[in-house]
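Shown here: upload06.tsv, TSV, C-alpha atoms.
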chain	number	residue	atom	x	y	z
A	202	MET	CA	55.03	77.46	91.91
A	203	ASP	CA	56.94	74.21	91.53
A	204	LYS	CA	59.80	76.09	89.89
A	205	LEU	CA	59.98	78.48	92.87
A	206	LYS	CA	60.02	75.59	95.35
A	207	SER	CA	62.80	73.84	93.45
A	208	VAL	CA	64.89	77.01	93.36
A	209	LEU	CA	64.39	77.77	97.06
A	210	SER	CA	65.08	74.20	98.14
A	211	GLY	CA	68.22	74.02	96.03
A	212	GLU	CA	67.02	71.12	93.91
A	213	GLU	CA	67.47	73.09	90.69
A	214	ALA	CA	71.11	73.81	91.48
A	215	ARG	CA	71.78	70.14	92.13
A	216	ARG	CA	69.89	69.13	89.01
A	217	ASP	CA	72.01	71.30	86.76
A	218	ASP	CA	75.28	70.44	88.58
A	219	ARG	CA	75.79	74.06	89.60
A	220	THR	CA	77.08	75.25	92.91
A	221	VAL	CA	75.01	77.42	95.18
A	222	MET	CA	77.34	80.36	94.53
A	223	GLN	CA	76.90	80.00	90.77
A	224	THR	CA	73.13	79.97	91.19
A	225	VAL	CA	73.20	83.05	93.43
A	226	ASN	CA	75.54	84.83	91.03
A	227	GLU	CA	73.28	84.13	88.07
A	228	ALA	CA	70.23	85.28	90.01
A	229	SER	CA	71.87	88.50	91.18
A	230	THR	CA	73.51	89.53	87.92
A	231	LEU	CA	71.97	92.68	86.48
A	232	GLY	CA	71.49	93.36	82.80
A	233	TRP	CA	73.30	96.29	81.19
A	234	GLY	CA	70.14	98.43	81.00
A	235	THR	CA	69.42	97.87	84.68
A	236	ARG	CA	73.02	98.70	85.57
A	237	VAL	CA	72.87	102.00	83.67
A	238	LYS	CA	69.53	102.90	85.28
A	239	GLY	CA	70.94	102.10	88.73
A	240	PHE	CA	74.06	104.16	88.01
A	241	VAL	CA	72.05	107.16	86.83
A	242	ALA	CA	69.60	106.94	89.74
A	243	CYS	CA	72.34	106.65	92.37
A	244	PHE	CA	74.42	109.39	90.72
A	245	VAL	CA	71.43	111.74	90.56
A	246	VAL	CA	70.56	111.03	94.22
A	247	GLY	CA	74.17	111.80	95.13
A	248	GLY	CA	74.11	115.05	93.16
A	249	VAL	CA	70.79	116.10	94.67
A	250	CYS	CA	72.07	115.34	98.19
A	251	THR	CA	75.18	117.40	97.53
A	252	LEU	CA	73.19	120.36	96.18
A	253	LEU	CA	70.70	120.06	99.02
A	254	GLY	CA	73.59	120.12	101.47
A	255	VAL	CA	74.95	123.32	99.94
A	256	CYS	CA	71.48	124.90	100.17
A	257	MET	CA	71.16	123.83	103.81
A	258	LEU	CA	74.42	125.59	104.65
A	259	PHE	CA	72.59	128.89	104.93
A	260	ILE	CA	70.07	127.76	107.58
A	261	PRO	CA	70.96	129.24	110.98
A	262	ARG	CA	72.18	126.90	113.75
A	263	ILE	CA	71.63	123.50	112.11
A	264	GLY	CA	72.71	124.46	108.59
A	265	LEU	CA	76.30	123.31	108.96
A	266	THR	CA	75.26	119.96	110.40
A	267	LEU	CA	72.75	119.40	107.60
A	268	PHE	CA	75.36	120.40	105.04
A	269	ILE	CA	77.83	117.88	106.41
A	270	VAL	CA	75.27	115.07	106.49
A	271	PHE	CA	73.85	115.72	103.02
A	272	TYR	CA	77.24	116.34	101.44
A	273	THR	CA	78.73	113.16	102.90
A	274	CYS	CA	75.67	111.11	101.90
A	275	GLY	CA	75.91	112.61	98.42
A	276	ASN	CA	79.54	111.54	98.12
A	277	ILE	CA	78.71	108.04	99.32
A	278	CYS	CA	75.85	107.72	96.80
A	279	THR	CA	78.04	109.03	94.00
A	280	LEU	CA	80.77	106.57	94.91
A	281	CYS	CA	78.28	103.70	95.08
A	282	SER	CA	76.81	104.63	91.70
A	283	THR	CA	79.86	103.28	89.91
A	284	MET	CA	79.31	99.94	91.58
A	285	PHE	CA	76.31	99.48	89.33
A	286	LEU	CA	78.50	99.78	86.25
A	287	MET	CA	81.42	97.62	87.38
A	288	GLY	CA	79.94	95.48	90.09
A	289	PRO	CA	80.81	95.79	93.78
A	290	MET	CA	83.80	93.44	93.84
A	291	LYS	CA	85.44	94.93	90.76
A	292	GLN	CA	84.86	98.42	92.15
A	293	VAL	CA	86.51	97.52	95.45
A	294	LYS	CA	89.44	95.93	93.62
A	295	ARG	CA	89.88	99.02	91.47
A	296	MET	CA	89.64	101.27	94.53
A	297	CYS	CA	92.50	99.30	96.08
A	298	ASP	CA	94.77	99.51	93.01
A	299	LYS	CA	98.18	100.97	93.76
A	300	THR	CA	97.29	104.15	91.82
A	301	ARG	CA	94.12	104.72	93.86
A	302	ALA	CA	94.84	103.17	97.25
A	303	LEU	CA	96.07	106.35	98.93
A	304	ALA	CA	93.26	108.51	97.52
A	305	THR	CA	90.69	105.87	98.51
A	306	THR	CA	92.06	105.62	102.04
A	307	ILE	CA	92.09	109.39	102.51
A	308	MET	CA	88.62	109.74	100.99
A	309	ILE	CA	86.99	107.08	103.18
A	310	THR	CA	88.85	108.35	106.26
A	311	CYS	CA	87.63	111.89	105.58
A	312	LEU	CA	84.05	110.64	105.10
A	313	VAL	CA	84.13	108.97	108.50
A	314	LEU	CA	86.01	111.77	110.25
A	315	THR	CA	83.62	114.38	108.88
A	316	LEU	CA	80.67	112.63	110.45
A	317	CYS	CA	82.60	111.98	113.69
A	318	ALA	CA	83.61	115.63	113.97
A	319	ALA	CA	80.05	116.81	113.38
A	320	PHE	CA	78.15	114.41	115.63
A	321	TRP	CA	80.53	112.85	118.12
A	322	TRP	CA	83.08	115.56	118.78
A	323	LYS	CA	80.72	118.48	117.97
A	324	ASN	CA	83.62	120.40	116.43
A	325	PHE	CA	82.25	122.08	113.30
A	326	GLY	CA	85.51	123.74	112.30
A	327	LEU	CA	87.15	120.34	112.18
A	328	ALA	CA	84.14	118.92	110.35
A	329	LEU	CA	84.44	121.64	107.72
A	330	LEU	CA	88.16	120.92	107.35
A	331	PHE	CA	87.42	117.22	106.83
A	332	CYS	CA	84.69	118.15	104.36
A	333	ILE	CA	87.19	120.19	102.34
A	334	LEU	CA	89.65	117.28	102.47
A	335	GLN	CA	86.77	115.04	101.38
A	336	ILE	CA	86.22	117.23	98.31
A	337	LEU	CA	89.90	117.23	97.41
A	338	SER	CA	90.39	113.48	97.95
A	339	PHE	CA	87.19	112.60	96.05
A	340	THR	CA	88.34	114.78	93.15
A	341	TRP	CA	91.82	113.21	93.18
A	342	TYR	CA	90.27	109.74	93.32
A	343	SER	CA	87.91	110.53	90.43
A	344	LEU	CA	90.75	111.89	88.32
A	345	SER	CA	92.60	108.58	88.70
A	346	TYR	CA	90.15	107.05	86.22
A	347	ILE	CA	91.28	109.44	83.47
A	348	PRO	CA	94.62	108.23	82.06
A	349	PHE	CA	97.61	110.52	82.71
A	350	ILE	CA	95.50	113.43	84.01
A	351	ARG	CA	96.94	113.31	87.52
A	352	ASP	CA	100.48	113.38	86.14
A	353	ALA	CA	99.55	116.38	84.00
A	354	ILE	CA	98.04	118.19	87.01
A	355	LEU	CA	101.13	117.50	89.14
A	356	LYS	CA	103.37	118.78	86.33
A	357	LEU	CA	101.22	121.91	85.96
A	358	VAL	CA	101.33	122.61	89.69
A	359	SER	CA	105.10	122.12	89.80
A	360	MET	CA	105.47	124.58	86.88
A	361	CYS	CA	103.31	127.14	88.72
A	362	ILE	CA	105.28	126.79	91.94
A	363	LYS	CA	108.68	127.40	90.26
Spell out the structure here as structure tokens.
Amino acid sequence: MDKLKSVLSGEEARRDDRTVMQTVNEASTLGWGTRVKGFVACFVVGGVCTLLGVCMLFIPRIGLTLFIVFYTCGNICTLCSTMFLMGPMKQVKRMCDKTRALATTIMITCLVLTLCAAFWWKNFGLALLFCILQILSFTWYSLSYIPFIRDAILKLVSMCIK
């Protein structure tokens, strides 16, 4: 109990000549096993939400709304799952790299616009369009983590168009 009191009062940080931020960082750092478990759990929840959204698509009247909500939540969970592996700050920095900045911006914009179109504007055609753009931008963003794959895809598409 004394140890808990010293940690909460900040005496332990002063005793060891550590800053408060260093103490918080050490207390919040996850072990590798915990990170992998968090990644898997969040990734599975994202996949289940996505599949559930696709299944909800066939329910009359509210199916499209449920699809949009579950699919968007699934994408958010899947995106957040990688934060367990890298850490939130490193993930945000990598998302803002020059190779991913455009894809990240489009992806997050489409996530928000999908929900706005479904709930605020009540325009389901527009929501479906944003959902499709969400799929494409999330795929393009994910491919940016595989070296040279986006260049290969662009080259393949340019060969097919000629």
Taken to one decimal, the atom CA of Thr279 of chain A-atom CA of Gly248 of chain A distance is 7.2 Å
| query | Of the candidates A:Ser345, A:Thr220, A:Thr273, A:Thr235, which one gets nearest to Lys299 of chain A if we count all atoms listed in the file? | reply |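 The answer is A:Ser345, which sits nearest to Lys299 of chain A.
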Which polymer residues have any atom within 9 Å of an atom of Leu316 of chain A, counting all atoms listed in the file, with same-chain residues fewer than 4 positions away left out, as JSON, numbers by chain?
-> {"A": [269, 270, 273, 311, 312, 320, 321, 328, 331]}
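Proximity to Arg301 of chain A was assessed for A:Lys363, A:Lys238, A:Arg351, A:Lys323 counting all atoms listed in the file; the smallest distance is recorded for A:Arg351.
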If you count only C-alpha atoms, which residues fall within 10 Å of Val241 of chain A, apart from same-chain ones fewer than 2 positions away, as a list in words?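 Non-adjacent residues within range: Thr235, Arg236, Val237, Lys238, Gly239, Cys243, Phe244, Val245, Val246, Gly247, Thr279, Ser282, Thr283, Phe285 and Leu286 of chain A.
Interatomic distance, atom CA of Thr310 of chain A to atom CA of Leu252 of chain A: 22.2 Å.
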Counting all atoms listed in the file, closest pick from A:Met296, A:Cys332, A:Ile309, A:Met284 relative to Val255 of chain A is A:Cys332
| message | What does the structure give for the distance between atom CA of Phe349 of chain A and atom CA of Cys278 of chain A, in Å to one decimal? | response |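 The value is 26.1 Å.
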Item to complete: Counting only C-alpha atoms, figure out which residue out of A:Arg262, A:Val249, A:Met257, A:Gln292 gets nearest to Cys274 of chain A.
Response: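 Of all the options, A:Val249 lies closest to Cys274 of chain A.
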Which protein, DNA or RNA residues are at most 12 Å from (88.6, 114.0, 91.7) in the file's coordinates when you count all atoms listed in the file, listed as a PyMOL selection string?
chain A and resi 276+279-280+301+304-305+308+334-347+350-351+354
Only C-alpha atoms, please: segment 219-355 of chain A from the block, as a PDB file, in the first residue's frame.
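After the write, result.pdb holds the following:
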ATOM      1  CA  ARG A 219      12.703  10.635 -13.180  1.00  0.00           C
ATOM      2  CA  THR A 220      10.268  13.029 -14.738  1.00  0.00           C
ATOM      3  CA  VAL A 221       6.549  12.477 -14.537  1.00  0.00           C
ATOM      4  CA  MET A 222       6.435  11.744 -18.278  1.00  0.00           C
ATOM      5  CA  GLN A 223       9.106   9.065 -17.917  1.00  0.00           C
ATOM      6  CA  THR A 224       7.157   7.459 -15.094  1.00  0.00           C
ATOM      7  CA  VAL A 225       3.912   7.529 -17.088  1.00  0.00           C
ATOM      8  CA  ASN A 226       5.678   6.147 -20.149  1.00  0.00           C
ATOM      9  CA  GLU A 227       7.163   3.268 -18.180  1.00  0.00           C
ATOM     10  CA  ALA A 228       3.808   2.496 -16.582  1.00  0.00           C
ATOM     11  CA  SER A 229       1.939   2.544 -19.892  1.00  0.00           C
ATOM     12  CA  THR A 230       4.416   0.577 -21.987  1.00  0.00           C
ATOM     13  CA  LEU A 231       3.034  -2.782 -23.047  1.00  0.00           C
ATOM     14  CA  GLY A 232       5.059  -5.951 -23.360  1.00  0.00           C
ATOM     15  CA  TRP A 233       5.405  -7.624 -26.759  1.00  0.00           C
ATOM     16  CA  GLY A 234       2.967 -10.431 -25.876  1.00  0.00           C
ATOM     17  CA  THR A 235       0.343  -7.936 -24.759  1.00  0.00           C
ATOM     18  CA  ARG A 236       0.847  -5.899 -27.922  1.00  0.00           C
ATOM     19  CA  VAL A 237       0.324  -8.948 -30.138  1.00  0.00           C
ATOM     20  CA  LYS A 238      -2.789  -9.959 -28.186  1.00  0.00           C
ATOM     21  CA  GLY A 239      -4.178  -6.427 -28.495  1.00  0.00           C
ATOM     22  CA  PHE A 240      -3.411  -6.372 -32.215  1.00  0.00           C
ATOM     23  CA  VAL A 241      -5.104  -9.721 -32.818  1.00  0.00           C
ATOM     24  CA  ALA A 242      -8.136  -8.820 -30.693  1.00  0.00           C
ATOM     25  CA  CYS A 243      -8.629  -5.433 -32.369  1.00  0.00           C
ATOM     26  CA  PHE A 244      -8.037  -6.899 -35.839  1.00  0.00           C
ATOM     27  CA  VAL A 245     -10.537  -9.700 -35.226  1.00  0.00           C
ATOM     28  CA  VAL A 246     -13.134  -7.231 -33.894  1.00  0.00           C
ATOM     29  CA  GLY A 247     -12.596  -5.130 -37.026  1.00  0.00           C
ATOM     30  CA  GLY A 248     -13.010  -8.163 -39.279  1.00  0.00           C
ATOM     31  CA  VAL A 249     -16.127  -9.319 -37.445  1.00  0.00           C
ATOM     32  CA  CYS A 250     -17.644  -5.826 -37.675  1.00  0.00           C
ATOM     33  CA  THR A 251     -16.925  -5.731 -41.397  1.00  0.00           C
ATOM     34  CA  LEU A 252     -18.465  -9.160 -41.994  1.00  0.00           C
ATOM     35  CA  LEU A 253     -21.418  -8.294 -39.792  1.00  0.00           C
ATOM     36  CA  GLY A 254     -21.911  -5.130 -41.824  1.00  0.00           C
ATOM     37  CA  VAL A 255     -21.977  -7.105 -45.061  1.00  0.00           C
ATOM     38  CA  CYS A 256     -24.543  -9.503 -43.552  1.00  0.00           C
ATOM     39  CA  MET A 257     -26.685  -6.572 -42.384  1.00  0.00           C
ATOM     40  CA  LEU A 258     -26.793  -5.207 -45.927  1.00  0.00           C
ATOM     41  CA  PHE A 259     -29.619  -7.589 -46.778  1.00  0.00           C
ATOM     42  CA  ILE A 260     -31.991  -6.444 -44.006  1.00  0.00           C
ATOM     43  CA  PRO A 261     -34.829  -4.346 -45.461  1.00  0.00           C
ATOM     44  CA  ARG A 262     -34.968  -0.611 -44.633  1.00  0.00           C
ATOM     45  CA  ILE A 263     -32.185  -0.350 -42.035  1.00  0.00           C
ATOM     46  CA  GLY A 264     -29.736  -2.749 -43.683  1.00  0.00           C
ATOM     47  CA  LEU A 265     -27.778  -0.086 -45.534  1.00  0.00           C
ATOM     48  CA  THR A 266     -27.431   2.069 -42.432  1.00  0.00           C
ATOM     49  CA  LEU A 267     -26.245  -0.890 -40.367  1.00  0.00           C
ATOM     50  CA  PHE A 268     -23.818  -1.868 -43.111  1.00  0.00           C
ATOM     51  CA  ILE A 269     -22.318   1.615 -43.166  1.00  0.00           C
ATOM     52  CA  VAL A 270     -21.971   1.764 -39.378  1.00  0.00           C
ATOM     53  CA  PHE A 271     -20.493  -1.718 -38.973  1.00  0.00           C
ATOM     54  CA  TYR A 272     -18.210  -1.407 -41.981  1.00  0.00           C
ATOM     55  CA  THR A 273     -16.843   1.958 -40.854  1.00  0.00           C
ATOM     56  CA  CYS A 274     -16.367   0.728 -37.278  1.00  0.00           C
ATOM     57  CA  GLY A 275     -14.613  -2.342 -38.668  1.00  0.00           C
ATOM     58  CA  ASN A 276     -12.208  -0.173 -40.639  1.00  0.00           C
ATOM     59  CA  ILE A 277     -11.508   1.992 -37.603  1.00  0.00           C
ATOM     60  CA  CYS A 278     -10.814  -1.072 -35.431  1.00  0.00           C
ATOM     61  CA  THR A 279      -8.569  -2.581 -38.087  1.00  0.00           C
ATOM     62  CA  LEU A 280      -6.658   0.683 -38.395  1.00  0.00           C
ATOM     63  CA  CYS A 281      -6.316   0.960 -34.620  1.00  0.00           C
ATOM     64  CA  SER A 282      -5.072  -2.624 -34.352  1.00  0.00           C
ATOM     65  CA  THR A 283      -1.713  -1.651 -35.806  1.00  0.00           C
ATOM     66  CA  MET A 284      -1.312   0.914 -33.055  1.00  0.00           C
ATOM     67  CA  PHE A 285      -0.790  -1.973 -30.659  1.00  0.00           C
ATOM     68  CA  LEU A 286       2.201  -3.166 -32.650  1.00  0.00           C
ATOM     69  CA  MET A 287       3.876   0.189 -33.301  1.00  0.00           C
ATOM     70  CA  GLY A 288       2.465   2.407 -30.611  1.00  0.00           C
ATOM     71  CA  PRO A 289       0.066   5.286 -31.245  1.00  0.00           C
ATOM     72  CA  MET A 290       2.624   8.021 -31.872  1.00  0.00           C
ATOM     73  CA  LYS A 291       4.724   5.950 -34.262  1.00  0.00           C
ATOM     74  CA  GLN A 292       1.570   4.887 -36.098  1.00  0.00           C
ATOM     75  CA  VAL A 293       0.446   8.492 -36.520  1.00  0.00           C
ATOM     76  CA  LYS A 294       3.919   9.497 -37.723  1.00  0.00           C
ATOM     77  CA  ARG A 295       3.945   6.662 -40.246  1.00  0.00           C
ATOM     78  CA  MET A 296       0.444   7.568 -41.404  1.00  0.00           C
ATOM     79  CA  CYS A 297       1.686  11.095 -42.106  1.00  0.00           C
ATOM     80  CA  ASP A 298       4.754   9.993 -44.096  1.00  0.00           C
ATOM     81  CA  LYS A 299       4.930  11.522 -47.554  1.00  0.00           C
ATOM     82  CA  THR A 300       4.174   8.123 -49.144  1.00  0.00           C
ATOM     83  CA  ARG A 301       1.009   7.654 -47.067  1.00  0.00           C
ATOM     84  CA  ALA A 302      -0.228  11.177 -46.364  1.00  0.00           C
ATOM     85  CA  LEU A 303      -2.617  11.392 -49.307  1.00  0.00           C
ATOM     86  CA  ALA A 304      -4.042   7.897 -48.769  1.00  0.00           C
ATOM     87  CA  THR A 305      -4.441   8.595 -45.040  1.00  0.00           C
ATOM     88  CA  THR A 306      -6.205  11.892 -45.682  1.00  0.00           C
ATOM     89  CA  ILE A 307      -8.589  10.362 -48.209  1.00  0.00           C
ATOM     90  CA  MET A 308      -9.238   7.351 -45.974  1.00  0.00           C
ATOM     91  CA  ILE A 309     -10.062   9.392 -42.856  1.00  0.00           C
ATOM     92  CA  THR A 310     -12.119  11.861 -44.907  1.00  0.00           C
ATOM     93  CA  CYS A 311     -14.113   9.001 -46.420  1.00  0.00           C
ATOM     94  CA  LEU A 312     -14.668   7.465 -42.966  1.00  0.00           C
ATOM     95  CA  VAL A 313     -16.135  10.729 -41.708  1.00  0.00           C
ATOM     96  CA  LEU A 314     -18.080  11.518 -44.880  1.00  0.00           C
ATOM     97  CA  THR A 315     -19.595   8.030 -44.946  1.00  0.00           C
ATOM     98  CA  LEU A 316     -21.057   8.511 -41.499  1.00  0.00           C
ATOM     99  CA  CYS A 317     -22.151  12.089 -42.298  1.00  0.00           C
ATOM    100  CA  ALA A 318     -23.902  10.975 -45.483  1.00  0.00           C
ATOM    101  CA  ALA A 319     -25.698   8.166 -43.682  1.00  0.00           C
ATOM    102  CA  PHE A 320     -26.828   9.976 -40.535  1.00  0.00           C
ATOM    103  CA  TRP A 321     -26.685  13.704 -41.100  1.00  0.00           C
ATOM    104  CA  TRP A 322     -27.505  14.121 -44.772  1.00  0.00           C
ATOM    105  CA  LYS A 323     -29.584  10.890 -45.036  1.00  0.00           C
ATOM    106  CA  ASN A 324     -28.252  10.327 -48.559  1.00  0.00           C
ATOM    107  CA  PHE A 325     -27.556   6.596 -48.856  1.00  0.00           C
ATOM    108  CA  GLY A 326     -26.308   6.723 -52.431  1.00  0.00           C
ATOM    109  CA  LEU A 327     -23.636   9.176 -51.368  1.00  0.00           C
ATOM    110  CA  ALA A 328     -22.892   7.064 -48.291  1.00  0.00           C
ATOM    111  CA  LEU A 329     -22.380   4.016 -50.490  1.00  0.00           C
ATOM    112  CA  LEU A 330     -20.079   6.006 -52.781  1.00  0.00           C
ATOM    113  CA  PHE A 331     -18.014   7.113 -49.774  1.00  0.00           C
ATOM    114  CA  CYS A 332     -17.973   3.531 -48.528  1.00  0.00           C
ATOM    115  CA  ILE A 333     -16.546   2.362 -51.856  1.00  0.00           C
ATOM    116  CA  LEU A 334     -13.961   5.157 -51.713  1.00  0.00           C
ATOM    117  CA  GLN A 335     -13.236   4.047 -48.151  1.00  0.00           C
ATOM    118  CA  ILE A 336     -12.500   0.516 -49.387  1.00  0.00           C
ATOM    119  CA  LEU A 337     -10.226   1.766 -52.155  1.00  0.00           C
ATOM    120  CA  SER A 338      -8.339   4.253 -49.971  1.00  0.00           C
ATOM    121  CA  PHE A 339      -7.924   1.739 -47.120  1.00  0.00           C
ATOM    122  CA  THR A 340      -6.552  -0.798 -49.602  1.00  0.00           C
ATOM    123  CA  TRP A 341      -4.172   1.773 -51.115  1.00  0.00           C
ATOM    124  CA  TYR A 342      -3.063   2.816 -47.628  1.00  0.00           C
ATOM    125  CA  SER A 343      -2.479  -0.808 -46.583  1.00  0.00           C
ATOM    126  CA  LEU A 344      -0.476  -1.519 -49.722  1.00  0.00           C
ATOM    127  CA  SER A 345       1.887   1.334 -48.839  1.00  0.00           C
ATOM    128  CA  TYR A 346       3.399  -0.888 -46.142  1.00  0.00           C
ATOM    129  CA  ILE A 347       4.544  -3.433 -48.742  1.00  0.00           C
ATOM    130  CA  PRO A 348       7.691  -2.124 -50.477  1.00  0.00           C
ATOM    131  CA  PHE A 349       7.305  -1.286 -54.187  1.00  0.00           C
ATOM    132  CA  ILE A 350       3.852  -2.895 -54.511  1.00  0.00           C
ATOM    133  CA  ARG A 351       2.061   0.356 -55.282  1.00  0.00           C
ATOM    134  CA  ASP A 352       4.568   1.160 -58.026  1.00  0.00           C
ATOM    135  CA  ALA A 353       4.032  -2.318 -59.480  1.00  0.00           C
ATOM    136  CA  ILE A 354       0.243  -1.876 -59.410  1.00  0.00           C
ATOM    137  CA  LEU A 355       0.477   1.533 -61.109  1.00  0.00           C
TER     138      LEU A 355
END
